[in-house]
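A.B. asks: Structure supplied as protein01.txt; contents: compact mmCIF, C-alpha atoms.
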```txt
# COMPACT_ATOMS: atom_id res chain seq x y z
CA MET A 195 -42.59 22.38 12.73
CA PRO A 196 -41.74 18.67 12.97
CA ARG A 197 -38.21 17.89 14.19
CA ILE A 198 -35.74 16.65 11.51
CA PRO A 199 -34.62 13.06 12.31
CA GLN A 200 -31.11 12.68 13.81
CA PRO A 201 -28.98 11.51 10.83
CA PHE A 202 -30.09 14.57 8.87
CA ASP A 203 -29.05 16.80 11.77
CA GLN A 204 -25.62 15.22 11.61
CA LEU A 205 -25.48 15.57 7.82
CA ALA A 206 -26.30 19.27 8.02
CA ALA A 207 -23.59 19.75 10.68
CA LEU A 208 -20.76 18.43 8.49
CA ASP A 209 -18.04 20.93 7.63
CA LYS A 210 -18.67 21.80 3.95
CA THR A 211 -15.06 22.86 3.44
CA ILE A 212 -13.80 19.40 4.35
CA HIS A 213 -16.71 17.46 2.90
CA GLU A 214 -16.21 18.66 -0.69
CA PRO A 215 -15.04 15.45 -2.47
CA ALA A 216 -11.72 16.75 -3.79
CA ARG A 217 -10.77 18.38 -0.47
CA LEU A 218 -11.85 15.28 1.46
CA ALA A 219 -9.55 13.19 -0.75
CA ILE A 220 -6.67 15.65 -0.25
CA LEU A 221 -7.07 15.73 3.52
CA THR A 222 -7.53 11.96 3.73
CA ALA A 223 -4.29 11.41 1.79
CA LEU A 224 -2.40 13.94 3.94
CA SER A 225 -3.71 12.32 7.12
CA ALA A 226 -1.90 9.10 6.12
CA CYS A 227 1.53 10.74 5.84
CA ARG A 228 3.72 13.51 7.27
CA SER A 229 3.75 15.45 4.02
CA ALA A 230 3.23 14.89 0.32
CA GLN A 231 4.44 16.64 -2.80
CA PHE A 232 2.02 18.55 -4.98
CA ARG A 233 2.71 16.06 -7.78
CA TYR A 234 1.64 13.19 -5.53
CA LEU A 235 -1.61 14.96 -4.63
CA LEU A 236 -2.27 15.43 -8.37
CA ALA A 237 -1.80 11.69 -8.86
CA ILE A 238 -3.90 10.55 -5.92
CA THR A 239 -6.81 12.93 -6.66
CA GLY A 240 -6.66 12.94 -10.48
CA LEU A 241 -7.40 16.68 -10.46
CA THR A 242 -5.95 19.18 -12.89
CA PRO A 243 -3.14 21.36 -11.49
CA GLY A 244 -5.33 24.46 -11.44
CA ASN A 245 -8.17 22.68 -9.72
CA LEU A 246 -5.86 21.17 -7.11
CA SER A 247 -4.22 24.56 -6.49
CA MET A 248 -7.62 26.10 -5.83
CA HIS A 249 -8.61 23.41 -3.33
CA VAL A 250 -5.23 23.49 -1.61
CA MET A 251 -5.43 27.28 -1.24
CA LYS A 252 -8.89 27.00 0.29
CA LEU A 253 -7.60 24.48 2.84
CA GLU A 254 -4.62 26.71 3.60
CA GLU A 255 -6.95 29.68 4.22
CA LYS A 256 -8.85 27.58 6.72
CA GLY A 257 -5.61 26.69 8.48
CA PHE A 258 -5.85 22.95 7.79
CA ILE A 259 -2.66 22.65 5.73
CA VAL A 260 0.67 24.34 5.18
CA ILE A 261 2.24 24.69 1.72
CA GLU A 262 6.03 24.65 1.54
CA LYS A 263 7.93 25.56 -1.58
CA GLY A 264 11.45 24.30 -1.98
CA PHE A 265 13.81 22.50 -4.27
CA VAL A 266 14.74 18.89 -4.87
CA GLY A 267 18.17 19.26 -6.37
CA LYS A 268 17.76 21.85 -9.09
CA TYR A 269 14.02 21.31 -9.51
CA PRO A 270 11.32 23.30 -7.71
CA ALA A 271 9.08 21.20 -5.51
CA THR A 272 5.99 22.07 -3.54
CA SER A 273 5.01 19.95 -0.60
CA VAL A 274 1.94 20.08 1.59
CA HIS A 275 1.35 18.89 5.13
CA LEU A 276 -1.50 18.99 7.63
CA THR A 277 -1.46 21.34 10.58
CA ALA A 278 -2.47 20.01 14.00
CA ALA A 279 -5.87 21.65 13.46
CA GLY A 280 -6.16 19.98 10.06
CA ARG A 281 -5.26 16.59 11.44
CA SER A 282 -7.87 16.76 14.18
CA ALA A 283 -10.46 18.25 11.78
CA ILE A 284 -10.17 15.37 9.29
CA ALA A 285 -10.17 12.77 12.08
CA ARG A 286 -13.29 14.39 13.55
CA HIS A 287 -14.92 14.55 10.10
CA TRP A 288 -14.39 10.82 9.47
CA GLN A 289 -15.75 10.03 12.93
CA GLN A 290 -18.83 12.13 12.13
CA LEU A 291 -19.28 10.19 8.86
CA ARG A 292 -19.01 6.86 10.72
CA ASP A 293 -21.54 8.04 13.33
CA LEU A 294 -23.81 9.23 10.52
CA GLU A 295 -23.63 5.82 8.85
CA LYS A 296 -24.55 4.10 12.13
CA ALA A 297 -27.43 6.51 12.75
CA ALA A 298 -28.73 6.04 9.20
CA ARG A 299 -28.64 2.25 9.58
CA HIS A 300 -30.50 2.49 12.87
CA LEU A 301 -33.09 4.76 11.25
CA LYS A 302 -33.60 2.25 8.42
CA ILE A 303 -34.11 -0.61 10.91
CA SER A 304 -36.49 1.52 12.99
CA GLU A 305 -38.51 2.49 9.90
CA GLY A 306 -38.63 -1.15 8.80
CA SER A 307 -39.96 -2.18 12.23
CA LEU A 308 -42.52 0.66 12.13
CA ARG A 309 -43.77 -0.39 8.69
CA LYS A 310 -44.11 -4.02 9.84
CA THR A 311 -46.03 -2.99 12.97
CA THR A 312 -48.36 -0.81 10.87
CA ARG A 313 -49.10 -3.70 8.47
CA VAL A 314 -49.90 -6.07 11.36
CA ASP A 315 -52.20 -3.47 12.96
CA VAL A 316 -54.01 -2.90 9.65
CA ALA A 317 -54.41 -6.65 9.07
CA ALA A 318 -55.72 -7.09 12.63
CA GLY A 319 -58.14 -4.21 12.08
CA ILE A 320 -59.43 -5.75 8.83
CA LEU A 321 -59.87 -9.16 10.44
CA ARG A 322 -61.85 -7.63 13.30
CA MET B 248 -12.27 7.28 -5.13
CA GLU B 249 -12.36 4.86 -2.24
CA HIS B 250 -10.92 6.67 0.74
CA ASN B 251 -9.57 3.54 2.40
CA LYS B 252 -7.49 2.96 -0.73
CA ILE B 253 -6.25 6.57 -0.66
CA ARG B 254 -5.15 6.11 2.95
CA PHE B 255 -3.56 2.71 2.34
CA VAL B 256 -1.66 3.70 -0.82
CA THR B 257 -0.40 6.95 0.74
CA ALA B 258 0.63 5.29 4.01
CA ASN B 259 2.39 2.47 2.12
CA TYR B 260 3.65 4.48 -0.86
CA HIS B 261 7.25 3.29 -0.51
CA GLN B 262 6.36 -0.37 0.22
CA LEU B 263 4.10 -0.49 -2.86
CA GLN B 264 6.91 0.53 -5.25
CA GLY B 265 7.02 -3.02 -6.49
CA LEU B 266 9.46 -2.48 -9.35
CA ARG B 267 12.18 -2.39 -6.65
CA LEU B 268 11.51 -6.04 -5.87
CA ILE B 269 11.81 -7.39 -9.40
CA PRO B 270 15.60 -7.10 -9.85
CA PRO B 271 16.39 -8.86 -6.55
CA GLY B 272 13.75 -11.44 -7.47
CA LEU B 273 15.46 -12.10 -10.81
CA LEU B 274 18.80 -12.24 -9.01
CA LEU B 275 17.54 -14.92 -6.62
CA VAL B 276 16.17 -16.96 -9.53
CA LEU B 277 19.54 -16.59 -11.29
CA LEU B 278 21.45 -17.67 -8.16
CA GLY B 279 19.13 -20.64 -7.77
CA THR B 280 19.68 -21.84 -11.34
CA LEU B 281 23.47 -21.31 -11.35
CA PRO B 282 24.66 -24.60 -9.79
CA ILE B 283 22.21 -26.71 -11.82
CA GLY B 284 21.51 -25.06 -15.16
CA LEU B 285 24.71 -23.23 -15.85
CA PRO B 286 27.79 -25.10 -14.68
CA PRO B 287 30.77 -22.78 -15.10
CA PRO B 288 33.45 -23.89 -17.55
CA ALA B 289 36.58 -25.14 -15.80
CA LEU B 290 39.25 -22.93 -17.33
CA GLY B 291 40.17 -20.41 -19.94
CA ALA B 292 38.35 -17.86 -22.06
CA ASP B 293 34.97 -19.60 -21.66
CA ARG B 294 35.13 -19.27 -17.89
CA ALA B 295 36.14 -15.62 -18.15
CA ARG B 296 33.26 -14.94 -20.56
CA TYR B 297 30.84 -16.82 -18.24
CA LEU B 298 31.92 -14.83 -15.19
CA THR B 299 31.71 -11.59 -17.18
CA TRP B 300 28.10 -12.31 -18.14
CA ILE B 301 27.18 -13.21 -14.54
CA GLY B 302 28.85 -10.04 -13.27
CA PHE B 303 27.12 -7.94 -15.92
CA ALA B 304 23.72 -9.43 -15.05
CA PHE B 305 24.36 -8.76 -11.37
CA MET B 306 25.35 -5.12 -11.94
CA LEU B 307 22.39 -4.55 -14.25
CA LEU B 308 19.98 -5.90 -11.67
CA VAL B 309 21.52 -3.76 -8.92
CA ALA B 310 21.28 -0.68 -11.18
CA LEU B 311 17.59 -1.44 -11.89
CA ALA B 312 16.90 -1.85 -8.18
CA VAL B 313 18.46 1.56 -7.51
CA LEU B 314 16.68 3.17 -10.47
CA ALA B 315 13.18 1.96 -9.54
CA PRO B 316 12.49 4.48 -6.72
CA VAL B 317 13.68 7.30 -9.01
CA ILE B 318 11.09 6.27 -11.60
CA TYR B 319 8.28 6.48 -9.04
CA ARG B 320 9.53 9.77 -7.65
CA ARG B 321 9.69 11.40 -11.07
CA ARG B 322 6.30 10.10 -12.11
CA TYR B 323 4.25 10.47 -8.93
CA GLY B 324 6.29 12.66 -6.61
CA SER B 325 7.23 11.71 -3.10
CA VAL B 326 5.58 11.21 0.24
CA ASP B 327 7.13 11.58 3.67
CA PRO B 328 5.64 8.65 5.55
CA ILE B 329 4.57 8.53 9.16
CA ALA B 330 7.16 6.47 11.01
CA ARG B 331 5.81 3.08 11.95
CA GLY B 332 8.22 1.47 14.32
CA TRP B 333 6.10 -1.66 14.57
CA ARG B 334 6.70 -2.43 10.88
CA ASN B 335 10.48 -2.23 11.21
CA ALA B 336 10.33 -4.27 14.42
CA TRP B 337 8.24 -6.92 12.66
CA ILE B 338 10.66 -7.12 9.70
CA THR B 339 13.65 -7.39 12.06
CA ALA B 340 11.92 -10.11 14.08
CA ALA B 341 11.06 -12.02 10.89
CA VAL B 342 14.67 -11.89 9.62
CA VAL B 343 16.09 -12.96 12.99
CA GLY B 344 13.46 -15.69 13.21
CA PHE B 345 14.36 -16.90 9.71
CA LEU B 346 18.05 -17.21 10.64
CA VAL B 347 17.40 -18.86 14.00
CA LEU B 348 14.87 -21.32 12.58
CA GLY B 349 17.24 -22.12 9.70
CA ARG B 350 19.82 -23.20 12.27
CA LEU B 351 17.20 -25.21 14.15
CA ASP B 352 16.03 -26.90 10.94
CA ARG B 353 19.58 -28.15 10.33
CA LEU B 354 20.02 -29.35 13.94
CA VAL B 355 16.64 -30.93 14.61
CA GLN B 356 15.68 -32.29 11.12
CA TRP B 357 11.95 -31.74 11.52
CA PRO B 358 9.62 -33.12 8.80
CA VAL B 359 8.53 -29.54 8.10
CA SER B 360 10.93 -26.66 7.51
CA MET B 361 10.16 -24.13 10.24
CA ARG B 362 11.87 -21.21 8.51
CA LEU B 363 9.91 -21.77 5.30
CA LEU B 364 6.74 -21.99 7.42
CA LEU B 365 7.73 -18.61 8.91
CA VAL B 366 7.96 -17.11 5.41
CA SER B 367 4.51 -18.49 4.59
CA ALA B 368 3.10 -17.22 7.90
CA SER B 369 4.57 -13.73 7.26
CA LEU B 370 2.83 -13.55 3.89
CA PHE B 371 -0.48 -14.77 5.35
CA ILE B 372 -0.20 -12.21 8.16
CA THR B 373 0.38 -9.45 5.58
CA VAL B 374 -2.83 -10.44 3.76
CA TRP B 375 -4.75 -10.64 7.05
CA HIS B 376 -3.46 -7.24 8.21
CA ASP B 377 -3.84 -5.33 4.92
CA GLY B 378 -6.96 -7.10 3.65
CA ARG B 379 -8.15 -7.85 0.10
CA ILE B 380 -6.01 -5.06 -1.29
CA ARG B 381 -2.99 -7.39 -0.84
CA ALA B 382 -4.71 -10.56 -2.04
CA HIS B 383 -1.86 -11.16 -4.53
CA TYR B 384 0.30 -12.23 -1.56
CA LEU B 385 -1.90 -15.31 -1.06
CA VAL B 386 -0.43 -17.32 -3.95
CA PRO B 387 3.20 -17.09 -2.72
CA ALA B 388 1.95 -17.70 0.87
CA VAL B 389 0.36 -20.98 -0.19
CA ALA B 390 3.40 -21.90 -2.30
CA TRP B 391 5.72 -21.42 0.72
CA LEU B 392 3.35 -23.47 2.88
CA VAL B 393 3.59 -26.34 0.39
CA VAL B 394 7.37 -25.99 0.00
CA SER B 395 7.83 -26.08 3.81
CA PHE B 396 7.11 -29.81 3.49
CA LEU B 397 10.25 -30.24 1.30
CA PRO B 398 12.21 -32.11 4.01
CA THR B 399 9.73 -34.99 3.68
CA LEU B 400 10.70 -35.40 0.00
CA ASN B 401 14.42 -36.01 0.75
CA MET B 402 15.53 -33.81 -2.14
CA SER B 403 19.20 -33.24 -2.90
CA PRO B 404 20.77 -30.04 -1.50
CA ALA B 405 21.10 -28.59 -5.02
CA ALA B 406 17.43 -29.23 -5.81
CA THR B 407 16.41 -27.77 -2.45
CA LYS B 408 18.51 -24.68 -3.11
CA LEU B 409 16.98 -24.29 -6.58
CA THR B 410 13.46 -24.59 -5.15
CA VAL B 411 13.97 -22.22 -2.23
CA LEU B 412 15.92 -19.56 -4.15
CA GLY B 413 13.67 -19.89 -7.18
CA LEU B 414 10.52 -19.58 -5.07
CA GLY B 415 12.05 -16.68 -3.15
CA GLY B 416 12.74 -14.91 -6.42
CA LEU B 417 9.29 -15.64 -7.80
CA THR B 418 7.72 -14.39 -4.56
CA LEU B 419 9.52 -11.08 -4.88
CA ILE B 420 8.52 -10.81 -8.55
CA VAL B 421 4.83 -11.69 -7.98
CA CYS B 422 4.49 -9.45 -4.93
CA GLY B 423 6.43 -6.68 -6.68
CA ILE B 424 4.24 -6.75 -9.79
CA GLY B 425 1.07 -6.91 -7.67
CA ASP B 426 2.10 -3.95 -5.51
CA HIS B 427 3.20 -1.96 -8.56
CA LEU B 428 -0.16 -2.53 -10.29
CA LEU B 429 -2.04 -1.55 -7.11
CA LEU B 430 -0.04 1.67 -6.93
CA THR B 431 -0.26 2.61 -10.61
CA ARG B 432 -3.98 1.79 -10.86
CA THR B 433 -4.70 3.97 -7.83
CA LEU B 434 -2.55 6.91 -8.90
CA ALA B 435 -3.42 8.84 -12.06
CA THR B 436 -0.49 10.07 -14.12
CA PRO B 437 -0.11 13.75 -13.25
CA ARG B 438 -0.61 16.24 -16.06
CA ILE B 439 2.44 18.40 -15.28
CA THR B 440 6.10 17.67 -15.94
CA ASP B 441 7.59 18.94 -12.69
CA ASN B 442 6.79 19.18 -8.99
CA ALA B 443 6.12 22.91 -8.97
CA SER B 444 2.68 24.18 -8.12
CA HIS B 445 0.58 25.54 -10.94
CA PRO B 446 2.17 28.94 -11.80
CA ALA B 447 -1.12 30.72 -12.38
CA THR B 448 -2.61 30.10 -8.97
CA LEU B 449 0.01 29.44 -6.24
```
Would you mind writing the file's structure down as structure tokens?
C.D. replies:
Amino acid sequence: MPRIPQPFDQLAALDKTIHEPARLAILTALSACRSAQFRYLLAITGLTPGNLSMHVMKLEEKGFIVIEKGFVGKYPATSVHLTAAGRSAIARHWQQLRDLEKAARHLKISEGSLRKTTRVDVAAGILR
Amino acid sequence: MEHNKIRFVTANYHQLQGLRLIPPGLLLVLLGTLPIGLPPPALGADRARYLTWIGFAFMLLVALAVLAPVIYRRRYGSVDPIARGWRNAWITAAVVGFLVLGRLDRLVQWPVSMRLLLVSASLFITVWHDGRIRAHYLVPAVAWLVVSFLPTLNMSPAATKLTVLGLGGLTLIVCGIGDHLLLTRTLATPRITDNASHPATL
């Protein structure tokens, strides 16, 4: 069986829990602060409350975030922050995406060079 | 959504609450216009009424400045930022530099105002550091660069004060509105009325 080219290896190796768009947005936002309120995460992701709750619970199960329930004055407030594991996981994930982008660009250049070489060889063959 | 924007807006959530800058901006514009546009009456009931209106405007602007963060907190919630000591150090250095260069400007009488150049440089550095997302800082940066050549025009002290305070106020207003729009266009209005998690799931 032919070997799958490198960028696709890297794509397949991405953590699906983190890579889901809503969860990636949540983790990216949390990586830029110490903690954020649930209301803020609703605003930054544009998700519905139920949808956000589901994603946040999934991330908590994986140990990437901690949910804290408290009060601001008389009003209940839920805030979320990354664990150390979550912080390193999202940093690693973004590094993988950057490496993937570089590998994909390199693949495109290599394929372009290969196509050019093939055309020259064919032209040379025809001329002979 | 663009993840760089998510990171930037979250990391700078408090700095982007631009409505906080508008009341001090209006106050600076008001202070700049006072000696020229609104000479206070000398005596009597007119002077008392004049001072009452100035005092009222001042208190209203202070109240709005205090109220602005509450509006953002109620609408979008709050974020506990990562401490960035370099930002506070930079702001402190800029303020100290502004005061020191102001003294030097008065002593040395350069053709260009060094402290106004510092203000312009600070705004340009903000655009360079933050990128296109803060492009609205460019207009005040250029305006301060132009105004730093004021000493060459030999303007009267009152006109200079009007220009500097007025431009300072307009800078705060323009930057405040730009930051506020950046924040509100990035953040969707949440569909719940309080900060509690959704009761059905958490």
A.B. asks: With a cut-off of 6 Å, could you pull out the residues of chain A touching chain B and give me the nearest pair of atoms for each, distance in Å to one decimal, using all atoms listed in the file, ordered by chain and ascending number, as CSV?
C.D. replies:
```
residue,atom,partner,partner_atom,distance
A:Ala223,CA,B:Arg254,CA,5.5
A:Ala226,CA,B:Ala258,CA,5.0
A:Cys227,CA,B:Pro328,CA,4.6
A:Arg228,CA,B:Asp327,CA,5.3
A:Ser229,CA,B:Asp327,CA,5.2
A:Ala230,CA,B:Val326,CA,4.4
A:Gln231,CA,B:Ser325,CA,5.7
A:Arg233,CA,B:Gly324,CA,5.1
A:Tyr234,CA,B:Gly324,CA,4.8
A:Leu236,CA,B:Pro437,CA,5.6
A:Ala237,CA,B:Ala435,CA,4.6
A:Ile238,CA,B:Leu434,CA,4.9
A:Gly240,CA,B:Ala435,CA,5.5
A:Pro243,CA,B:His445,CA,5.6
A:Pro270,CA,B:Ala443,CA,5.4
A:Ala271,CA,B:Asn442,CA,4.6
A:Thr272,CA,B:Ala443,CA,5.5
```
A.B. asks: Quick check, in Å to one decimal: how far apart do CA of Ala406 in chain B and CA of Gly265 in chain B lie?
C.D. replies: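 CA of Gly265 in chain B lies at a distance of 28.2 Å from CA of Ala406 in chain B.
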A.B. asks: With only C-alpha atoms as the basis for distance, which of B:Ala336, B:Leu346, B:Val421, B:Leu409 is at the shortest distance from Leu275 in chain B?
C.D. replies: B:Leu409
A.B. asks: How many Å separate CA of Val394 in chain B from CA of Leu417 in chain B?
C.D. replies: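 So the answer is 13.1 Å.
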A.B. asks: Near Val386 in chain B, counting all atoms listed in the file, which residues have an atom at most 10 Å away, once you skip same-chain residues fewer than 4 positions from it, shown as a ChimeraX atom specification?
C.D. replies: /B:367,370-371,382,390-392,418,421-422
A.B. asks: Might I get the box with edges along x, y and z of the file that holds all atoms of range 269-276 of chain A listed there, padded by 3 Å on every side, given as centre and edge lengths in Å to one decimal, as JSON?
C.D. replies:
```
{"center_x": 6.3, "center_y": 21.1, "center_z": -0.9, "size_x": 21.5, "size_y": 10.4, "size_z": 23.1}
```
A.B. asks: Need the shell around range 246-256 of chain A: protein/DNA/RNA residues with any atom at most 9 Å away, counting only C-alpha atoms. Skip same-chain ones fewer than 4 positions apart. Format as a list in words?
C.D. replies: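 Within the cut-off, the hits are Thr211, Ile212, Ala216, Arg217, Ile220, Leu221, Phe232, Leu235, Leu236, Thr239, Gly240, Leu241, Thr242, Val260, Ile261, Val274 and Gly280 of chain A; Ser444, His445, Thr448 and Leu449 of chain B.
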A.B. asks: Write out, as a PDB file, in the coordinates of the input, the residues just selected, with C-alpha atoms.
C.D. replies:
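Once everything was written out, this is part24.pdb:
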```pdb
ATOM      1  CA  THR A 211     -15.060  22.860   3.440  1.00  0.00           C
ATOM      2  CA  ILE A 212     -13.800  19.400   4.350  1.00  0.00           C
ATOM      3  CA  ALA A 216     -11.720  16.750  -3.790  1.00  0.00           C
ATOM      4  CA  ARG A 217     -10.770  18.380  -0.470  1.00  0.00           C
ATOM      5  CA  ILE A 220      -6.670  15.650  -0.250  1.00  0.00           C
ATOM      6  CA  LEU A 221      -7.070  15.730   3.520  1.00  0.00           C
ATOM      7  CA  PHE A 232       2.020  18.550  -4.980  1.00  0.00           C
ATOM      8  CA  LEU A 235      -1.610  14.960  -4.630  1.00  0.00           C
ATOM      9  CA  LEU A 236      -2.270  15.430  -8.370  1.00  0.00           C
ATOM     10  CA  THR A 239      -6.810  12.930  -6.660  1.00  0.00           C
ATOM     11  CA  GLY A 240      -6.660  12.940 -10.480  1.00  0.00           C
ATOM     12  CA  LEU A 241      -7.400  16.680 -10.460  1.00  0.00           C
ATOM     13  CA  THR A 242      -5.950  19.180 -12.890  1.00  0.00           C
ATOM     14  CA  VAL A 260       0.670  24.340   5.180  1.00  0.00           C
ATOM     15  CA  ILE A 261       2.240  24.690   1.720  1.00  0.00           C
ATOM     16  CA  VAL A 274       1.940  20.080   1.590  1.00  0.00           C
ATOM     17  CA  GLY A 280      -6.160  19.980  10.060  1.00  0.00           C
TER      18      GLY A 280
ATOM     19  CA  SER B 444       2.680  24.180  -8.120  1.00  0.00           C
ATOM     20  CA  HIS B 445       0.580  25.540 -10.940  1.00  0.00           C
ATOM     21  CA  THR B 448      -2.610  30.100  -8.970  1.00  0.00           C
ATOM     22  CA  LEU B 449       0.010  29.440  -6.240  1.00  0.00           C
TER      23      LEU B 449
END
```
